[in-house]
file model-v4.csv (CSV, C-alpha atoms)
chain,number,residue,atom,x,y,z
A,281,MET,CA,0.0,0.0,0.0
A,282,GLU,CA,1.3,3.4,-0.9
A,283,PRO,CA,1.6,6.1,1.8
A,284,HIS,CA,-0.9,8.3,0.0
A,285,ASP,CA,-3.5,5.5,0.2
A,286,LEU,CA,-3.5,5.5,4.0
A,287,VAL,CA,-6.3,7.4,5.6
A,288,PRO,CA,-5.0,10.0,8.0
A,289,LEU,CA,-5.8,9.6,11.6
A,290,ALA,CA,-7.7,12.9,11.5
A,291,VAL,CA,-10.2,11.3,9.0
A,292,LEU,CA,-10.7,8.3,11.2
A,293,GLU,CA,-11.3,10.5,14.3
A,294,ALA,CA,-13.7,12.7,12.4
A,295,THR,CA,-15.7,9.7,11.1
A,296,ARG,CA,-16.0,8.4,14.7
A,297,SER,CA,-17.2,11.8,15.9
A,298,LEU,CA,-19.8,12.0,13.1
A,299,LEU,CA,-21.3,8.7,14.3
A,300,ARG,CA,-22.0,10.2,17.7
A,301,LEU,CA,-23.4,13.6,16.9
A,302,ASN,CA,-27.0,14.8,16.9
A,303,THR,CA,-27.1,18.1,15.1
A,304,GLY,CA,-25.9,19.8,12.0
A,305,ALA,CA,-24.0,22.2,14.2
A,306,GLU,CA,-22.0,19.4,15.7
A,307,ALA,CA,-21.3,18.0,12.2
A,308,ARG,CA,-20.2,21.4,11.0
A,309,LEU,CA,-17.7,21.6,13.9
A,310,VAL,CA,-16.3,18.1,13.1
A,311,ALA,CA,-16.0,19.0,9.4
A,312,GLU,CA,-14.3,22.3,10.1
A,313,GLN,CA,-11.8,20.7,12.5
A,314,LEU,CA,-11.0,18.0,9.9
A,315,VAL,CA,-10.4,20.5,7.1
A,316,ARG,CA,-8.0,22.4,9.3
A,317,GLU,CA,-6.2,19.2,10.5
A,318,LEU,CA,-5.7,18.2,6.9
A,319,GLY,CA,-4.1,21.6,6.3
A,320,GLY,CA,-7.0,23.2,4.6
A,321,GLN,CA,-9.0,26.3,5.2
A,322,LEU,CA,-12.7,27.2,5.1
A,323,VAL,CA,-14.0,29.7,2.6
A,324,PRO,CA,-17.5,30.9,1.7
A,325,ALA,CA,-19.3,28.8,-1.0
A,326,ASP,CA,-19.5,31.7,-3.4
A,327,THR,CA,-15.7,32.0,-3.6
A,328,ASP,CA,-13.8,32.0,-6.9
A,329,ASP,CA,-10.9,30.0,-5.4
A,330,THR,CA,-10.0,27.1,-7.7
A,331,ALA,CA,-8.5,25.1,-4.9
A,332,THR,CA,-11.8,24.4,-3.2
A,333,LEU,CA,-13.6,21.1,-2.9
A,334,PRO,CA,-17.2,21.5,-4.2
A,335,VAL,CA,-18.8,20.0,-1.0
A,336,ASP,CA,-20.6,22.1,1.5
A,337,VAL,CA,-19.1,21.3,4.9
A,338,SER,CA,-21.6,23.4,6.9
A,339,PHE,CA,-24.1,20.5,7.1
A,340,GLY,CA,-26.9,23.1,6.8
A,341,ASP,CA,-25.7,25.0,9.8
A,342,GLY,CA,-25.1,28.6,8.8
A,343,GLN,CA,-23.7,29.8,5.6
A,344,PRO,CA,-22.4,27.2,3.1
A,345,LEU,CA,-18.6,26.6,3.4
A,346,LEU,CA,-16.2,24.9,1.2
A,347,ALA,CA,-12.8,23.4,2.1
A,348,ALA,CA,-9.9,24.9,0.3
A,349,ALA,CA,-6.3,23.7,0.0
A,350,PRO,CA,-3.6,26.1,1.2
A,351,PRO,CA,-1.5,27.7,-1.6
A,352,GLN,CA,1.4,25.3,-1.2
A,353,PHE,CA,-0.8,22.2,-2.1
A,354,ASP,CA,-1.2,21.0,-5.6
A,355,HIS,CA,-4.4,19.8,-7.2
A,356,ARG,CA,-3.4,16.1,-6.7
A,357,THR,CA,-3.5,16.7,-2.9
A,358,VAL,CA,-6.9,18.4,-3.2
A,359,ALA,CA,-8.3,15.5,-5.2
A,360,ARG,CA,-7.0,13.0,-2.6
A,361,ASP,CA,-8.5,15.0,0.3
A,362,GLN,CA,-11.8,15.3,-1.6
A,363,SER,CA,-12.1,11.5,-1.7
A,364,HIS,CA,-11.6,11.3,2.1
A,365,GLN,CA,-14.2,14.0,2.7
A,366,ALA,CA,-16.7,12.4,0.4
A,367,SER,CA,-16.2,9.1,2.3
A,368,ILE,CA,-17.0,10.9,5.6
A,369,LEU,CA,-20.2,12.4,4.2
A,370,GLN,CA,-21.1,9.0,2.8
A,371,ASP,CA,-20.7,7.4,6.2
A,372,THR,CA,-23.1,9.8,7.8
A,373,GLY,CA,-25.8,8.8,5.3
A,374,ASP,CA,-25.7,12.3,3.6
A,375,GLU,CA,-24.3,11.7,0.1
A,376,PRO,CA,-24.4,15.1,-1.5
A,377,THR,CA,-23.6,15.4,-5.2
A,378,LEU,CA,-20.4,17.3,-5.6
A,379,GLY,CA,-21.3,20.9,-6.5
A,380,GLU,CA,-24.9,20.8,-5.5
A,381,SER,CA,-24.9,21.1,-1.8
A,382,ALA,CA,-22.7,24.3,-1.8
A,383,CYS,CA,-24.8,26.3,-4.2
call {"tool": "encode", "arguments": {"input": "model-v4.csv", "output": "structure tokens"}}
result
Amino acid sequence: MEPHDLVPLAVLEATRSLLRLNTGAEARLVAEQLVRELGGQLVPADTDDTATLPVDVSFGDGQPLLAAAPPQFDHRTVARDQSHQASILQDTGDEPTLGESAC
């Protein structure tokens, strides 16, 4: 197995947290923490930033937010992190179509 195939511990911890929460606000906090732990930042959904993942991580709590890679990341890293984030959303039973939930 390649190192980039391993799921970061932060993703595992976030998944476990999502299984125990009760509200969208709690889910939003978990998602925000995960984005930051993976080195990303949160930006408003209406941003023009091309390094964003088209998945609303607000879970319907407040304004829609997208995860964005920091400037030093390349798009391959963003794509890999997107697959982790999509897996987390799938595990919660909320499988948004990329691009739909943030608009």
call {"tool": "atom_distance", "arguments": {"input": "model-v4.csv", "atom1": "CA of Thr295 (chain A)", "atom2": "CA of Leu318 (chain A)"}}
result
13.8 Å
call {"tool": "atom_distance", "arguments": {"input": "model-v4.csv", "atom1": "CA of Leu292 (chain A)", "atom2": "CA of Gln313 (chain A)"}}
result
12.5 Å
call {"tool": "atom_distance", "arguments": {"input": "model-v4.csv", "atom1": "CA of Gly340 (chain A)", "atom2": "CA of Glu306 (chain A)"}}
result
10.8 Å
call {"tool": "closest_residue", "arguments": {"input": "model-v4.csv", "among": "A:Gln321, A:Glu293, A:Asp328, A:Asp341", "to": "Ala305 (chain A)", "atoms": "all atoms listed in the file"}}
result
A:Asp341
call {"tool": "residues_near_point", "arguments": {"input": "model-v4.csv", "point": "(-9.7, 16.5, 14.4)", "cutoff": "12 Å", "atoms": "only C-alpha atoms", "output": "list in words"}}
result
Pro288, Leu289, Ala290, Val291, Leu292, Glu293, Ala294, Thr295, Arg296, Ser297, Leu298, Ala307, Leu309, Val310, Ala311, Glu312, Gln313, Leu314, Val315, Arg316, Glu317, Leu318 and Gly319 of chain A
